[in-house]
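Data block for target02.txt (compact mmCIF, C-alpha atoms):
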```
# COMPACT_ATOMS: atom_id res chain seq x y z
CA PRO A 1 29.47 38.54 3.70
CA LEU A 2 27.11 39.06 0.73
CA MET A 3 25.15 35.92 1.62
CA LEU A 4 24.92 37.07 5.25
CA LEU A 5 23.74 40.49 4.09
CA PHE A 6 21.00 38.87 2.01
CA ILE A 7 19.86 36.71 4.94
CA GLN A 8 19.96 39.72 7.26
CA VAL A 9 17.83 41.87 4.93
CA LYS A 10 15.29 39.06 4.44
CA CYS A 11 15.00 38.46 8.20
CA TYR A 12 14.62 42.19 8.81
CA HIS A 13 11.94 42.42 6.12
CA GLU A 14 10.00 39.50 7.57
CA ILE A 15 9.92 40.92 11.12
CA ILE A 16 9.15 44.47 10.01
CA THR A 17 6.36 43.22 7.75
CA ILE A 18 4.74 41.51 10.74
CA GLY A 19 4.77 44.85 12.54
CA TYR A 20 3.15 46.57 9.60
CA ARG A 21 0.49 43.88 9.41
CA VAL A 22 -0.22 43.64 13.14
CA TYR A 23 -0.38 47.37 13.80
CA HIS A 24 -1.95 48.28 10.45
CA SER A 25 0.78 50.87 9.98
CA TYR A 26 0.79 51.16 6.20
CA ASP A 27 -0.66 54.67 6.42
CA LEU A 28 1.87 56.03 8.90
CA PRO A 29 3.76 58.89 7.24
CA TRP A 30 7.31 58.01 6.13
CA PHE A 31 7.51 54.95 8.32
CA ARG A 32 8.17 52.28 5.69
CA SER A 33 10.88 54.49 4.24
CA LEU A 34 12.35 55.25 7.67
CA SER A 35 12.51 51.55 8.60
CA TRP A 36 14.71 50.83 5.59
CA TYR A 37 16.67 54.03 6.11
CA PHE A 38 17.61 52.95 9.65
CA LEU A 39 18.67 49.56 8.29
CA LEU A 40 20.93 51.33 5.81
CA CYS A 41 22.42 53.54 8.55
CA VAL A 42 23.21 50.66 10.89
CA ASN A 43 24.73 48.57 8.09
CA TYR A 44 26.83 51.54 7.01
CA PHE A 45 28.17 51.81 10.55
CA PHE A 46 28.97 48.12 11.04
CA TYR A 47 30.42 47.47 7.59
CA GLY A 48 32.48 50.64 7.90
CA GLU A 49 33.88 49.36 11.19
CA THR A 50 34.78 46.08 9.48
CA VAL A 51 36.55 47.88 6.62
CA ALA A 52 38.53 50.02 9.07
CA ASP A 53 39.45 46.96 11.10
CA TYR A 54 40.46 44.48 8.42
CA PHE A 55 41.29 46.56 5.32
CA ALA A 56 43.54 49.22 6.86
CA THR A 57 46.32 48.95 4.27
CA PHE A 58 43.81 49.05 1.41
CA VAL A 59 42.19 52.18 2.82
CA GLN A 60 45.56 53.85 3.33
CA ARG A 61 46.18 53.86 -0.42
CA ARG A 62 42.94 55.68 -1.30
CA GLU A 63 42.50 59.25 -0.13
CA GLN A 64 38.71 59.33 -0.56
CA LEU A 65 38.35 56.28 1.67
CA GLN A 66 40.70 57.76 4.28
CA PHE A 67 38.26 60.62 4.81
CA LEU A 68 35.29 58.25 5.15
CA ILE A 69 37.12 56.00 7.62
CA ARG A 70 38.58 58.85 9.67
CA TYR A 71 35.16 60.42 10.22
CA HIS A 72 33.21 57.18 9.94
CA ARG A 73 31.52 57.30 13.34
CA PHE A 74 30.64 60.96 13.01
CA ILE A 75 29.12 60.33 9.57
CA SER A 76 27.21 57.30 10.91
CA PHE A 77 25.86 59.32 13.83
CA ALA A 78 24.86 62.18 11.52
CA LEU A 79 22.99 59.75 9.26
CA TYR A 80 21.15 58.27 12.23
CA LEU A 81 20.30 61.73 13.58
CA THR A 82 18.80 62.60 10.20
CA GLY A 83 16.49 59.61 10.45
CA PHE A 84 15.68 60.44 14.07
CA CYS A 85 14.70 64.00 13.14
CA MET A 86 12.63 62.74 10.21
CA PHE A 87 10.77 60.44 12.61
CA VAL A 88 10.02 63.32 15.01
CA LEU A 89 8.81 65.47 12.11
CA SER A 90 6.54 62.65 10.93
CA LEU A 91 4.65 62.43 14.24
CA VAL A 92 0.94 63.11 13.87
CA LYS A 93 -1.46 63.59 16.74
CA LYS A 94 -3.79 60.67 16.06
CA HIS A 95 -0.96 58.14 15.64
CA TYR A 96 1.53 59.03 18.41
CA ARG A 97 1.37 55.73 20.27
CA LEU A 98 1.37 53.59 17.12
CA GLN A 99 4.34 55.49 15.68
CA PHE A 100 6.39 54.97 18.83
CA TYR A 101 5.41 51.28 18.84
CA MET A 102 6.82 50.96 15.34
CA PHE A 103 9.92 53.02 16.18
CA ALA A 104 10.71 50.60 19.02
CA TRP A 105 9.83 47.61 16.81
CA THR A 106 12.32 48.81 14.18
CA HIS A 107 15.16 49.25 16.66
CA VAL A 108 14.64 45.88 18.35
CA THR A 109 14.60 44.26 14.90
CA LEU A 110 17.86 46.03 14.05
CA LEU A 111 19.38 44.72 17.28
CA ILE A 112 18.33 41.15 16.51
CA THR A 113 19.29 41.02 12.85
CA VAL A 114 22.03 43.53 12.00
CA THR A 115 24.08 43.27 15.18
CA GLN A 116 24.04 39.47 15.11
CA SER A 117 24.96 39.24 11.42
CA HIS A 118 27.89 41.59 12.08
CA LEU A 119 29.09 39.20 14.79
CA VAL A 120 28.87 36.32 12.31
CA ILE A 121 31.22 38.23 10.00
CA GLN A 122 33.59 38.86 12.90
CA ASN A 123 33.60 35.12 13.63
CA LEU A 124 34.32 34.35 9.98
CA PHE A 125 37.46 36.49 10.04
CA GLU A 126 38.74 34.40 12.98
CA GLY A 127 38.65 31.32 10.75
CA MET A 128 36.01 29.36 8.85
CA ILE A 129 35.99 26.71 11.58
CA TRP A 130 34.44 29.24 14.00
CA PHE A 131 31.56 29.61 11.56
CA LEU A 132 31.09 26.05 10.31
CA VAL A 133 31.22 24.16 13.62
CA PRO A 134 28.62 26.36 15.43
CA ILE A 135 26.21 26.57 12.49
CA SER A 136 26.51 22.82 11.84
CA SER A 137 25.97 22.06 15.52
CA VAL A 138 22.69 23.98 15.53
CA ILE A 139 21.52 22.14 12.41
CA CYS A 140 22.58 18.80 13.87
CA ASN A 141 20.73 19.54 17.10
CA ASP A 142 17.53 20.43 15.21
CA ILE A 143 17.65 17.18 13.25
CA THR A 144 18.66 14.80 16.05
CA ALA A 145 16.28 16.36 18.58
CA TYR A 146 13.45 15.82 16.09
CA ILE A 147 14.50 12.20 15.46
CA PHE A 148 14.81 11.33 19.16
CA GLY A 149 11.58 13.15 19.92
CA PHE A 150 9.74 11.37 17.11
CA PHE A 151 10.79 7.86 18.14
CA PHE A 152 11.18 8.17 21.91
CA GLY A 153 9.40 11.39 22.89
CA ARG A 154 6.92 11.06 25.73
CA THR A 155 7.51 13.96 28.14
CA PRO A 156 6.59 17.51 26.99
CA LEU A 157 9.46 20.00 27.35
CA ILE A 158 7.88 23.46 27.11
CA LYS A 159 4.36 24.74 26.50
CA LEU A 160 5.52 27.19 23.80
CA SER A 161 6.44 24.21 21.61
CA PRO A 162 4.12 21.29 22.42
CA LYS A 163 5.98 18.94 20.04
CA LYS A 164 9.29 19.38 21.87
CA THR A 165 10.06 16.62 24.39
CA TRP A 166 12.68 16.00 27.04
CA GLU A 167 13.73 12.82 25.26
CA GLY A 168 14.41 14.76 22.07
CA PHE A 169 16.16 17.54 24.00
CA ILE A 170 18.53 15.15 25.81
CA GLY A 171 19.12 12.95 22.77
CA GLY A 172 19.86 16.01 20.68
CA PHE A 173 22.36 17.22 23.27
CA PHE A 174 24.50 14.08 23.30
CA SER A 175 24.30 13.67 19.52
CA THR A 176 25.35 17.27 18.93
CA VAL A 177 28.34 17.06 21.28
CA VAL A 178 29.58 13.91 19.54
CA PHE A 179 29.00 15.43 16.11
CA GLY A 180 30.81 18.66 16.99
CA PHE A 181 33.76 16.73 18.43
CA ILE A 182 34.17 14.58 15.29
CA PHE A 183 33.41 17.35 12.78
CA SER A 184 35.96 19.70 14.36
CA TYR A 185 38.59 16.93 14.13
CA PHE A 186 38.29 16.83 10.33
CA LEU A 187 38.16 20.62 9.89
CA ALA A 188 41.17 21.21 12.17
CA GLN A 189 43.41 19.33 9.73
CA HIS A 190 43.07 21.94 6.96
CA GLN A 191 44.58 25.44 6.89
CA TYR A 192 41.66 26.77 4.87
CA PHE A 193 39.33 26.25 7.82
CA VAL A 194 41.57 27.13 10.77
CA CYS A 195 43.55 30.16 9.54
CA PRO A 196 42.15 33.65 10.13
CA VAL A 197 40.80 35.26 6.97
CA GLU A 198 43.07 38.18 6.06
CA TYR A 199 43.04 40.64 3.20
CA ASN A 200 46.21 40.77 1.08
CA SER A 201 46.51 44.32 -0.24
CA GLU A 202 49.13 43.31 -2.81
CA THR A 203 46.96 40.72 -4.55
CA ASN A 204 43.60 42.29 -3.55
CA ARG A 205 42.42 38.89 -2.36
CA PHE A 206 41.48 37.20 0.89
CA VAL A 207 43.99 34.61 2.07
CA THR A 208 43.70 31.76 4.55
CA GLU A 209 47.32 30.70 4.87
CA CYS A 210 49.19 30.60 8.16
CA GLU A 211 51.06 28.49 10.64
CA PRO A 212 48.16 26.92 12.57
CA SER A 213 47.97 28.06 16.18
CA GLU A 214 48.31 25.67 19.10
CA LEU A 215 44.55 25.15 19.02
CA PHE A 216 44.95 23.25 15.76
CA GLN A 217 48.08 21.23 16.49
CA MET A 218 47.70 17.62 17.60
CA LYS A 219 48.53 17.03 21.27
CA LYS A 220 48.59 14.06 23.62
CA TYR A 221 46.19 14.09 26.58
CA SER A 222 45.92 11.77 29.56
CA VAL A 223 42.61 9.95 29.85
CA PRO A 224 40.91 10.41 33.27
CA PRO A 225 41.39 7.32 35.49
CA LEU A 226 37.65 6.60 35.58
CA LEU A 227 37.56 6.32 31.79
CA GLN A 228 40.82 4.40 31.37
CA ALA A 229 39.24 1.13 32.48
CA ALA A 230 36.27 1.56 30.16
CA LEU A 231 38.22 2.71 27.10
CA GLY A 232 41.43 0.83 27.65
CA TRP A 233 43.48 3.93 26.77
CA GLU A 234 45.85 5.86 28.99
CA THR A 235 46.43 8.71 26.52
CA VAL A 236 44.62 10.07 23.48
CA ASN A 237 45.75 12.32 20.63
CA MET A 238 43.43 15.18 19.71
CA TYR A 239 43.31 18.82 18.70
CA PRO A 240 42.81 21.34 21.55
CA PHE A 241 40.02 22.91 19.49
CA GLN A 242 38.01 19.73 19.94
CA MET A 243 37.69 20.59 23.63
CA HIS A 244 36.33 23.99 22.67
CA SER A 245 33.94 22.32 20.25
CA ILE A 246 32.33 20.61 23.25
CA ALA A 247 31.52 24.04 24.72
CA LEU A 248 30.14 25.26 21.38
CA SER A 249 28.05 22.11 20.89
CA THR A 250 26.77 22.26 24.46
CA PHE A 251 25.53 25.80 23.96
CA ALA A 252 24.00 24.88 20.58
CA SER A 253 22.02 22.05 22.14
CA LEU A 254 21.12 23.43 25.59
CA ILE A 255 20.73 27.19 25.09
CA GLY A 256 20.41 27.49 21.30
CA PRO A 257 16.91 25.94 21.24
CA PHE A 258 15.69 28.81 23.44
CA GLY A 259 16.13 31.04 20.40
CA GLY A 260 13.56 28.82 18.72
CA PHE A 261 11.31 28.92 21.78
CA PHE A 262 11.56 32.71 21.79
CA ALA A 263 10.56 32.79 18.12
CA SER A 264 7.66 30.43 18.86
CA GLY A 265 6.44 32.71 21.65
CA PHE A 266 6.74 35.71 19.36
CA LYS A 267 4.63 34.04 16.67
CA ARG A 268 2.05 32.89 19.19
CA ALA A 269 1.81 36.41 20.59
CA PHE A 270 0.76 37.70 17.18
CA LYS A 271 -1.18 34.57 16.14
CA ILE A 272 0.93 33.70 13.11
CA LYS A 273 2.27 30.31 12.05
CA ASP A 274 5.47 31.45 10.31
CA PHE A 275 7.42 34.67 9.87
CA ALA A 276 6.85 34.46 6.10
CA ASP A 277 6.42 31.97 3.25
CA THR A 278 9.81 32.53 1.61
CA ILE A 279 10.72 28.81 1.77
CA PRO A 280 7.75 26.61 0.75
CA GLY A 281 6.88 24.24 3.57
CA HIS A 282 9.41 25.77 5.97
CA GLY A 283 8.19 29.33 6.50
CA GLY A 284 10.48 32.33 6.28
CA ILE A 285 14.23 32.79 6.50
CA MET A 286 13.83 33.89 10.14
CA ASP A 287 12.11 30.57 10.93
CA ARG A 288 15.33 28.79 9.89
CA PHE A 289 17.76 31.18 11.57
CA ASP A 290 16.09 31.87 14.93
CA CYS A 291 18.70 29.77 16.79
CA GLN A 292 21.64 30.75 14.60
CA TYR A 293 21.63 34.40 15.67
CA LEU A 294 21.84 33.45 19.35
CA MET A 295 24.67 31.06 18.51
CA ALA A 296 26.61 33.77 16.67
CA THR A 297 26.62 35.99 19.74
CA PHE A 298 27.86 33.20 21.98
CA VAL A 299 30.69 32.29 19.59
CA HIS A 300 31.84 35.91 19.44
CA VAL A 301 31.78 36.25 23.24
CA TYR A 302 33.54 32.89 23.61
CA ILE A 303 36.33 33.87 21.22
CA THR A 304 36.94 37.25 22.86
CA SER A 305 36.80 35.76 26.37
CA PHE A 306 38.78 32.53 26.03
CA ILE A 307 40.56 32.40 22.67
CA ARG A 308 41.66 35.69 21.16
CA GLY A 309 44.91 37.22 22.37
CA PRO A 310 47.01 40.12 21.10
CA ASN A 311 47.14 40.13 17.29
CA PRO A 312 50.56 41.33 16.01
CA SER A 313 49.40 41.37 12.39
CA LYS A 314 46.42 43.57 13.17
CA LEU A 315 48.54 45.88 15.34
CA LEU A 316 51.11 46.24 12.57
CA LYS A 317 48.42 47.28 10.11
CA GLN A 318 47.28 49.98 12.53
CA LEU A 319 50.87 51.21 12.99
CA LEU A 320 51.35 51.52 9.23
CA ILE A 321 48.47 54.02 9.10
CA LEU A 322 50.25 56.41 11.48
CA GLN A 323 52.28 59.40 10.30
CA PRO A 324 56.09 58.80 9.96
CA GLU A 325 56.90 60.83 13.08
CA GLN A 326 54.31 58.84 15.06
CA GLN A 327 55.77 55.55 13.80
CA LEU A 328 59.25 56.73 14.82
CA SER A 329 57.99 57.61 18.29
CA VAL A 330 56.47 54.14 18.68
CA TYR A 331 59.73 52.57 17.48
CA LYS A 332 61.84 54.49 20.02
CA THR A 333 59.44 53.70 22.87
CA LEU A 334 59.37 50.01 21.98
CA LYS A 335 63.16 49.79 21.65
CA SER A 336 63.64 51.52 25.01
CA HIS A 337 61.18 49.09 26.62
CA LEU A 338 62.96 46.04 25.15
CA VAL A 339 66.35 47.32 26.35
CA GLU A 340 65.01 47.79 29.89
CA LYS A 341 63.66 44.23 29.89
CA GLY A 342 67.02 42.90 28.71
CA ILE A 343 65.70 41.60 25.40
CA LEU A 344 67.92 44.03 23.47
CA GLN A 345 71.49 44.81 24.41
CA PRO A 346 72.19 48.35 25.69
CA SER A 347 74.87 48.68 23.01
CA LEU A 348 72.08 48.83 20.43
CA ARG A 349 70.92 52.21 21.73
CA GLY A 350 71.40 54.98 19.23
```
Rewrite the coordinates I just gave you, this time as C-alpha cells.
Amino acid sequence: PLMLLFIQVKCYHEIITIGYRVYHSYDLPWFRSLSWYFLLCVNYFFYGETVADYFATFVQRREQLQFLIRYHRFISFALYLTGFCMFVLSLVKKHYRLQFYMFAWTHVTLLITVTQSHLVIQNLFEGMIWFLVPISSVICNDITAYIFGFFFGRTPLIKLSPKKTWEGFIGGFFSTVVFGFIFSYFLAQHQYFVCPVEYNSETNRFVTECEPSELFQMKKYSVPPLLQAALGWETVNMYPFQMHSIALSTFASLIGPFGGFFASGFKRAFKIKDFADTIPGHGGIMDRFDCQYLMATFVHVYITSFIRGPNPSKLLKQLLILQPEQQLSVYKTLKSHLVEKGILQPSLRG
C-alpha cells in the first residue's frame, strides 16, 4: 500500500503540474494548496474505508479509532466541504473561468489516480495473484507488442501512436495470453499468492494462509474435439484460475493499450512529450502506469462480477463489532432459520 501511495502521489503531481503549466495558474489564490488538500481528503476517505473493511477487530479494541470509523463518512464529507467552501471563497473576478478549469482538472485527476489506486489495494486483499498476473500481463504486452512491431510491423494501428502497428498489436495479444496462462500456473501452486490477505489482530500481522479455493485446485478438463486431433490429448489438468487468466490477459492486450492511446492523445493535446522526467529516458511515472490504472479497474469489476461470493470471515468480523444484545438477536434469528430449513433439529430450540 505504501508503494501504491507513492506512485499515486507522483502520478497526481505530474498531471496537476501539467495543468499549472498549461493554464499558467501559479498565481491563482490558494489553488496549489487546495489541489493537495483535495488529494488528502479523498485519500482519507478511501483509506478509512479500507481500515473499516479489513481491520474491524483491530479498530474494535481502540476507542479513539471507533469514533473515527463510526463517523468516517461524515468526517470525510465535512473535510471535502471545507475545501469546497475555500475554493468558492478564493474565486476572483478576473480568473473565474480559469479557476473552474483547474477545479475540474483536479477532480478528474483524483478520479484517475486515487480511485484506481484504491481498487489496486482492493485487488491485493483478494490475493497477490490478482495483482501480479494483471500487472505482468500489461508489461508483457508492452514488450511483445514492441518486439513484433519492430520486426514485422507494416500496417499503422492508430494515428495517436504512429509507431503502433497491427502486427505488433496482434502479436502482443497472443504472446500475452500464453504468458498469462503459464505465469498463473506457477503462481497458483503457492498459498502466498492465492490466499486473500487478512489482518491477524492477535499477532498484528498480515497473513496469507488458507485452504486454497476451488479456483486454485488442479482439475481435469476435456479437450474440445477439434483440438484433440492436433494435440493428441483427450483431457488436460489445469487450475481453473488459468481460464480466468485468459480473460485478464485478453483485456490487458486488447483494451489495456487504449489507456496508453488515451495518454498519448492527452499529451498531444497539450503539446508535451512526457508527463514528467522522473525516470530518465522513460518520462514520468504516469507514462509507465497509463495502462495499469485501466487494468486495475477491470480486475476489480471482474472479481466482483464473476469471482467473489459471500465472505464468512468478513461477515464474522462485522458481527463481532455489534453490541452483545445485537449479536444475540442475530444468533436467535440464524438458529430459527436453520431449524426451519431442517439443518438443525427442532429439539435444539431453547
Task: Within-6 Å shell of (28.3, 38.3, 7.8) in input frame, all atoms listed in the file, as a list in words - done: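 Residues with an atom at most 6 Å from (28.3, 38.3, 7.8): Pro1, Leu4, Ser117, His118, Val120 and Ile121 of chain A.
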Once 8 Å is added on each side, what are the centre and the three edge lengths, in Å to one decimal, of the axis-aligned box enclosing the listed atoms of range 156-168 of chain A? Present them as lines of an AutoDock Vina configuration file.
```
center_x = 9.3
center_y = 20.0
center_z = 23.7
size_x = 26.3
size_y = 30.4
size_z = 23.3
```
Task: A:Met243, A:Leu124, A:Leu338, A:Ile321 ranked by distance to Arg70 in chain A, top pick (using only C-alpha atoms) - done: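 Selected residue with least distance to Arg70 in chain A: A:Ile321.
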Open item on the list: Can you tell me which residues surround Ser222 in chain A at a distance of at most 9 Å, considering only C-alpha atoms, apart from same-chain residues fewer than 4 positions away, and format the answer as a list of chain:residue names?
Closed with: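 After dropping sequence-adjacent residues, the list is A:Trp233, A:Glu234, A:Thr235, A:Val236, A:Asn237.
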Open item on the list: Just checking: using only C-alpha atoms, which residue out of A:Ile182, A:Ile143, A:Leu294, A:Leu98 ends up closest to Gly168 in chain A?
Closed with: A:Ile143
- [ ] Measure the distance from CA of Met128 in chain A to CA of Val301 in chain A in Å and round it to one decimal.
- [x]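 Spanning CA of Met128 in chain A to CA of Val301 in chain A is a straight-line distance of 16.5 Å.
Distance annotation: of A:Ala247, A:Leu89, A:Ile343, A:Ala252, the residue with the minimal separation from Ala145 in chain A is A:Ala252; atom set is only C-alpha atoms.
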Open item on the list: Given only C-alpha atoms as the basis, pick out the residue of A:Asn123, A:Arg205, A:Gly171, A:Glu14 nearest to Lys267 in chain A.
Closed with: A:Glu14
Open item on the list: Can you pull out the residues contacting Met102 in chain A? Cut-off 12 Å, using only C-alpha atoms, and skip same-chain residues under 3 positions away; I want them as a VMD selection string.
Closed with: chain A and resid 15 to 26 28 to 32 34 to 35 87 91 95 to 99 105 to 109
- [ ] Could you give me, as a list in words, the residues within 9 Å of Phe241 in chain A, counting only C-alpha atoms and dropping anything in the same chain fewer than 3 positions from it?
- [x]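 Using only C-alpha atoms, the neighbours found are Phe181, Ser184, Tyr185, Ala188, Glu214, Leu215, Phe216, Gln217, Met238, His244, Ser245 and Ile246 of chain A.
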Task: Long-range neighbours of Gly232 in chain A as number ranges by chain, 10 Å cut-off, all atoms listed in the file, 4 positions minimum in chain - done: A: 223, 227-228
- [ ] Pick out the residues sitting within 8 Å of Gly172 in chain A, and hand them over as a ChimeraX atom specification; count only C-alpha atoms, and ignore anything fewer than 5 positions along from it in its own chain.
- [x] /A:140-146,148,253
Resulting file, chosen residues, C-alpha atoms, as a tab-separated table (two decimals), in the coordinates of the input:
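part28.tsv was written with the following content:
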```tsv
chain	number	residue	atom	x	y	z
A	140	CYS	CA	22.58	18.80	13.87
A	141	ASN	CA	20.73	19.54	17.10
A	142	ASP	CA	17.53	20.43	15.21
A	143	ILE	CA	17.65	17.18	13.25
A	144	THR	CA	18.66	14.80	16.05
A	145	ALA	CA	16.28	16.36	18.58
A	146	TYR	CA	13.45	15.82	16.09
A	148	PHE	CA	14.81	11.33	19.16
A	253	SER	CA	22.02	22.05	22.14
```
